[in-house]
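Visitor: Pasting in a structure now, in structure tokens, and then I'll have a few things to ask.
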Amino acid sequence: MKALYFKNLFQGKINPSLLIFYFGLFLLPSAFSISAFLLLISLLISSFKFKKNYFDDPWNIPFFLGGVFMILSSLVHTFLNKHLLDYNLNSSQTWIGLGNWIPFFWCFWGFERYLDTPEKRRICGLILVTGSFPVIVSGLGQSFFNWNGPFETFYGLITWYQRPIDNIFGLTGLFNNPNYAGSWLNSIWPFCLAFLINFKEDTFKKLSIFFFTLGISFCTVLTNSRAAWIGFFLGTSLIYGKKSLKFINYLFLIITFIFINVRFAIFGNNFQSFLKFIIPEPIWLEFSDFQYTRLEIWRKAFLYIFKHPIFGYGSSSFSEIFKLDTGIWKGHAHNLPLELMMSYGVPAALLVITPIILLLVFSIRKTFQKASFKNQLIFDKAWLISLVVLLSSQMVDVQYFDGRISILVWTLLSGAKNIIKDKSFIYKQNNNISSTNYS
């Protein structure tokens, strides 16, 4: 298969823009600036070569309208900003915040041609996994060999944060904090399992992906991120289905038992002290040191939104308003839909969130009804599970504002749209790569 792929490459059957897109994805976790530049080039090429008009695709319309409403909200925040002055908010932030959304509506459309076959999506999954090797190496080096940064090259275009573990209590690797690192690891975990399942007859590939999978699972634990741990088990259970439920149930009971006893000392102080002794401090602190619970943060966010539901308060407003209200600083609402409503209002949020939910529902319904470990659909299944895990993590935390995570989210969404559009339920086997459209 590889020989045939490279033969197609050298014979010019694979479009150069597709290769640029692949290289951009490969560098996404480790060299974001270069990756963004390559992905932008592939996006421009794709946009000019698209035969269809942007508005011919009904999936683009709600995102376009959402972008229009965000711009309208930004105009209101700039020129009719009395309520913003009450909270000492900077209206310029709302314009900067548009960069987290409007360009990605374009990516959702422009990346489509690079993800329009199951084989292309499988290759992208493999690229995301192999491109994450620096994440594993940097994380393990940070945790066990004190590789502390930040490390910079090309005048800061490439930055690996590598924060000292003592300061942040969890593995970050080349990401800014443990939650971001955990989110990335969660997103590639389903692809690792899919390749592990698929390479049953190839010992070398099986061993390679096994050690990769082992490294990712180990790094996920070392992040000490509750969201990452939940995402890890969610991705595993969705890939293996009913086979994993028994194991997950037992593990959930054990973790719950430990959590309750670390928190409340039901079996006495001696037993609680023993648990704290055998469990690394950063891990048990994750379950016992709550400064302000998620439910309280969300309740506050809802109260703020009800005061200005139409246009919101502008980007990055939650942290300032919450600090004035409680005296505690939180970087965001710990829920992406609530954060979007706070920033640009309920109408803009609904125009963005609703099509995303529909994309998930329709693509999952189509794939999971036909999916089998024995055919190409395992990779589309992993694609959608990665998307589900990534979006689920945004319900309890917000890693979306890291550019690498947001690009990955919209790439996965674009692939999900192609899964829905695929008229055939029966995908070709991996060795039929010669029939794949590489244009």
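By order in the structure tokens, chains are A, B, ...; within a chain, residues start at 1; ligands start at 1, following the order shown.
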Skipping near chain neighbours, those fewer than 6 positions away, what residues fall within 9 Å of A:Val398 using only C-alpha atoms, listed as a compact mmCIF listing (two decimals) with C-alpha atoms, in the first residue's frame?
Guide:
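Everything below was put into result-v2.txt:
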```txt
# COMPACT_ATOMS: atom_id res chain seq x y z
CA ASN A 179 -5.59 20.48 30.31
CA TYR A 180 -4.50 21.47 26.80
CA HIS A 332 -13.36 31.30 31.28
CA ALA A 333 -16.78 29.83 32.06
CA HIS A 334 -15.48 26.23 31.92
CA ASN A 335 -18.10 25.50 29.27
CA LEU A 336 -17.64 26.53 25.64
CA GLU A 339 -18.46 31.15 27.04
```
Visitor: Find the spatial neighbours of A:Phe218, counting only C-alpha atoms, within a cut-off of 12 Å - ignore same-chain residues fewer than 2 positions away - and output them as a list in words.
Guide: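 Listing them by chain and then by number gives Val135, Ile136, Val137, Gly139, Leu140, Ser143, Leu171, Gly182, Leu185, Asn186, Trp189, Phe211, Phe212, Thr213, Leu214, Gly215, Ile216, Thr220, Val221, Leu222, Thr223, Asn224, Ala228, Trp229 and Phe232 of chain A.
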Visitor: Could you tell me how far atom CA of A:Ser363 sits from atom CA of A:Glu112, in Å to one decimal place?
Guide: 14.6 Å
Visitor: Which one of A:Ser217, A:Ile364, A:Glu296, A:Tyr400 sits closest to A:Leu377 if you count only C-alpha atoms?
Guide: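 Of the candidates, the smallest distance to A:Leu377 is held by A:Ile364.
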Visitor: Identify which of the residues A:Ile407, A:Ile239, A:Ala194, A:Cys107 lies closest to A:Arg122, counting only C-alpha atoms when measuring atom-to-atom distances.
Guide: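 That would be A:Ala194, the residue with the smallest distance to A:Arg122.
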Visitor: Please provide the set of residues having any atom within 12 Å of A:Asp422, restricted to only C-alpha atoms, with same-chain residues fewer than 3 positions apart removed, written as a PDB file with N, CA, C and O atoms, in the first residue's frame.
Guide:
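Printed below is selection_35.pdb as written:
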```pdb
ATOM      1  N   LEU A 115     -10.708  15.806   2.880  1.00  0.00           N
ATOM      2  CA  LEU A 115     -11.240  14.798   3.812  1.00  0.00           C
ATOM      3  C   LEU A 115     -12.447  14.088   3.224  1.00  0.00           C
ATOM      4  O   LEU A 115     -13.275  13.553   3.962  1.00  0.00           O
ATOM      5  N   ASP A 116     -12.539  14.057   1.912  1.00  0.00           N
ATOM      6  CA  ASP A 116     -13.773  13.606   1.276  1.00  0.00           C
ATOM      7  C   ASP A 116     -13.819  12.116   0.968  1.00  0.00           C
ATOM      8  O   ASP A 116     -14.763  11.652   0.327  1.00  0.00           O
ATOM      9  N   THR A 117     -12.829  11.350   1.399  1.00  0.00           N
ATOM     10  CA  THR A 117     -12.884   9.890   1.261  1.00  0.00           C
ATOM     11  C   THR A 117     -12.456   9.246   2.574  1.00  0.00           C
ATOM     12  O   THR A 117     -11.698   9.843   3.344  1.00  0.00           O
ATOM     13  N   PRO A 118     -12.902   8.025   2.825  1.00  0.00           N
ATOM     14  CA  PRO A 118     -12.462   7.330   4.039  1.00  0.00           C
ATOM     15  C   PRO A 118     -10.948   7.173   4.097  1.00  0.00           C
ATOM     16  O   PRO A 118     -10.364   7.240   5.184  1.00  0.00           O
ATOM     17  N   PHE A 362     -26.008  13.116  12.962  1.00  0.00           N
ATOM     18  CA  PHE A 362     -26.176  12.469  11.659  1.00  0.00           C
ATOM     19  C   PHE A 362     -24.983  11.599  11.288  1.00  0.00           C
ATOM     20  O   PHE A 362     -25.144  10.502  10.746  1.00  0.00           O
ATOM     21  N   SER A 363     -23.771  12.088  11.561  1.00  0.00           N
ATOM     22  CA  SER A 363     -22.579  11.315  11.195  1.00  0.00           C
ATOM     23  C   SER A 363     -22.436  10.072  12.079  1.00  0.00           C
ATOM     24  O   SER A 363     -22.064   8.998  11.598  1.00  0.00           O
ATOM     25  N   LYS A 366     -24.995   7.420  11.031  1.00  0.00           N
ATOM     26  CA  LYS A 366     -24.628   6.741   9.789  1.00  0.00           C
ATOM     27  C   LYS A 366     -23.473   5.762   9.994  1.00  0.00           C
ATOM     28  O   LYS A 366     -23.495   4.650   9.483  1.00  0.00           O
ATOM     29  N   THR A 367     -22.471   6.167  10.752  1.00  0.00           N
ATOM     30  CA  THR A 367     -21.262   5.353  10.893  1.00  0.00           C
ATOM     31  C   THR A 367     -21.432   4.217  11.881  1.00  0.00           C
ATOM     32  O   THR A 367     -21.068   3.080  11.601  1.00  0.00           O
ATOM     33  N   ASP A 380     -13.294   5.819  10.449  1.00  0.00           N
ATOM     34  CA  ASP A 380     -14.325   6.856  10.550  1.00  0.00           C
ATOM     35  C   ASP A 380     -14.962   6.840  11.933  1.00  0.00           C
ATOM     36  O   ASP A 380     -15.347   7.884  12.469  1.00  0.00           O
ATOM     37  N   GLY A 415     -14.539  16.681   8.402  1.00  0.00           N
ATOM     38  CA  GLY A 415     -14.563  15.268   8.063  1.00  0.00           C
ATOM     39  C   GLY A 415     -15.902  14.624   8.380  1.00  0.00           C
ATOM     40  O   GLY A 415     -16.392  13.773   7.624  1.00  0.00           O
ATOM     41  N   ALA A 416     -16.521  15.028   9.490  1.00  0.00           N
ATOM     42  CA  ALA A 416     -17.838  14.495   9.851  1.00  0.00           C
ATOM     43  C   ALA A 416     -18.880  14.859   8.797  1.00  0.00           C
ATOM     44  O   ALA A 416     -19.762  14.049   8.472  1.00  0.00           O
ATOM     45  N   LYS A 417     -18.772  16.066   8.256  1.00  0.00           N
ATOM     46  CA  LYS A 417     -19.694  16.466   7.189  1.00  0.00           C
ATOM     47  C   LYS A 417     -19.528  15.569   5.968  1.00  0.00           C
ATOM     48  O   LYS A 417     -20.513  15.168   5.334  1.00  0.00           O
ATOM     49  N   ASN A 418     -18.287  15.227   5.638  1.00  0.00           N
ATOM     50  CA  ASN A 418     -18.047  14.344   4.501  1.00  0.00           C
ATOM     51  C   ASN A 418     -18.582  12.937   4.752  1.00  0.00           C
ATOM     52  O   ASN A 418     -19.023  12.259   3.818  1.00  0.00           O
ATOM     53  N   ILE A 419     -18.519  12.490   5.987  1.00  0.00           N
ATOM     54  CA  ILE A 419     -19.080  11.180   6.322  1.00  0.00           C
ATOM     55  C   ILE A 419     -20.590  11.166   6.049  1.00  0.00           C
ATOM     56  O   ILE A 419     -21.129  10.194   5.518  1.00  0.00           O
ATOM     57  N   PHE A 425     -22.421   3.192   1.919  1.00  0.00           N
ATOM     58  CA  PHE A 425     -22.187   2.688   3.269  1.00  0.00           C
ATOM     59  C   PHE A 425     -21.048   1.688   3.306  1.00  0.00           C
ATOM     60  O   PHE A 425     -20.546   1.355   4.364  1.00  0.00           O
ATOM     61  N   ILE A 426     -20.657   1.162   2.146  1.00  0.00           N
ATOM     62  CA  ILE A 426     -19.623   0.141   2.100  1.00  0.00           C
ATOM     63  C   ILE A 426     -18.342   0.776   1.612  1.00  0.00           C
ATOM     64  O   ILE A 426     -18.247   1.211   0.466  1.00  0.00           O
ATOM     65  N   TYR A 427     -17.346   0.868   2.474  1.00  0.00           N
ATOM     66  CA  TYR A 427     -16.093   1.494   2.125  1.00  0.00           C
ATOM     67  C   TYR A 427     -15.105   0.459   1.599  1.00  0.00           C
ATOM     68  O   TYR A 427     -15.180  -0.714   1.926  1.00  0.00           O
TER      69      TYR A 427
END
```
Visitor: Smallest atom-to-atom distance to A:Phe104: which of A:Gly131, A:Gly66, A:Gly141, A:Gly173, using only C-alpha atoms?
Guide: A:Gly66
Visitor: Quick one: everything within 12 Å of A:Ile353, counting only C-alpha atoms, minus sequence neighbours fewer than 2 positions away in the same chain. Send it as a PyMOL selection string.
Guide: chain A and resi 62-63+66+101+336-341+346-351+355-360+391+413
Visitor: Leaving out A:Leu196 and any residue of its chain fewer than 2 positions from it, which residues lie within 8 Å of it when counting only C-alpha atoms, given as a PyMOL selection string?
Guide: chain A and resi 192-194+198-200+206+209-210
Visitor: Report as a ChimeraX atom specification: the residues of stretch 131-199 of chain A with a DSSP assignment of helix (DSSP H, G or I), based on the backbone of this structure.
Guide: /A:131,133-145,165-168,178-198
Visitor: Between A:Phe175, A:Phe111, A:Trp184, A:Phe144, single out the one closest to A:Ile20, counting only C-alpha atoms.
Guide: A:Phe111
Visitor: Calculate how many Å separate atom CA of A:Lys381 from atom CA of A:Glu119, rounding to one decimal.
Guide: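 Those two atoms sit 12.9 Å apart.
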Visitor: Can you list, as a list in words, every protein, DNA or RNA residue that comes within 8 Å of A:Phe32 when you count only C-alpha atoms, leaving out same-chain residues fewer than 4 positions away?
Guide: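 The filter keeps Leu27, Leu28, Ala36, Leu157, Ile158, Gly403 and Arg404 of chain A.
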Visitor: Filtering to N, CA, C and O atoms, could you give me those residues as a compact mmCIF listing (two decimals), in the first residue's frame?
Guide:
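The result, stored in result04.txt:
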```txt
# COMPACT_ATOMS: atom_id res chain seq x y z
N LEU A 27 2.59 18.90 11.58
CA LEU A 27 3.32 19.86 12.41
C LEU A 27 2.42 20.59 13.41
O LEU A 27 2.91 21.39 14.21
N LEU A 28 1.13 20.29 13.37
CA LEU A 28 0.18 21.04 14.19
C LEU A 28 0.54 21.03 15.68
O LEU A 28 0.57 22.10 16.31
N ALA A 36 0.19 26.39 10.84
CA ALA A 36 -0.88 27.31 10.47
C ALA A 36 -0.62 27.92 9.09
O ALA A 36 -1.56 28.11 8.29
N LEU A 157 8.83 31.49 16.73
CA LEU A 157 7.76 30.91 15.92
C LEU A 157 7.38 29.52 16.42
O LEU A 157 6.23 29.10 16.33
N ILE A 158 8.36 28.79 16.93
CA ILE A 158 8.09 27.49 17.53
C ILE A 158 8.44 27.57 19.00
O ILE A 158 9.58 27.89 19.36
N GLY A 403 -4.94 27.41 19.58
CA GLY A 403 -5.11 27.32 18.14
C GLY A 403 -5.03 25.91 17.61
O GLY A 403 -5.72 25.54 16.65
N ARG A 404 -4.18 25.07 18.21
CA ARG A 404 -4.05 23.69 17.76
C ARG A 404 -5.33 22.91 17.98
O ARG A 404 -5.75 22.11 17.14
```
Visitor: Between A:Leu390, A:Leu238, A:Ile405, A:Ile321, which is the closest to A:Leu89 once you count only C-alpha atoms?
Guide: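 Of A:Leu390, A:Leu238, A:Ile405, A:Ile321, the one nearest A:Leu89, counting only C-alpha atoms, is A:Ile321.
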Visitor: Find the distance between atom CA of A:Ile41 and atom CA of A:Ser183 and write it in Å to one decimal.
Guide: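 Computed distance, atom CA of A:Ile41 to atom CA of A:Ser183, equals 26.2 Å.
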Visitor: Given only C-alpha atoms as the basis, pick out the residue of A:Gly231, A:Gly97, A:Pro134, A:Pro16 nearest to A:Ala31.
Guide: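 Of A:Gly231, A:Gly97, A:Pro134, A:Pro16, the one nearest A:Ala31, counting only C-alpha atoms, is A:Pro134.
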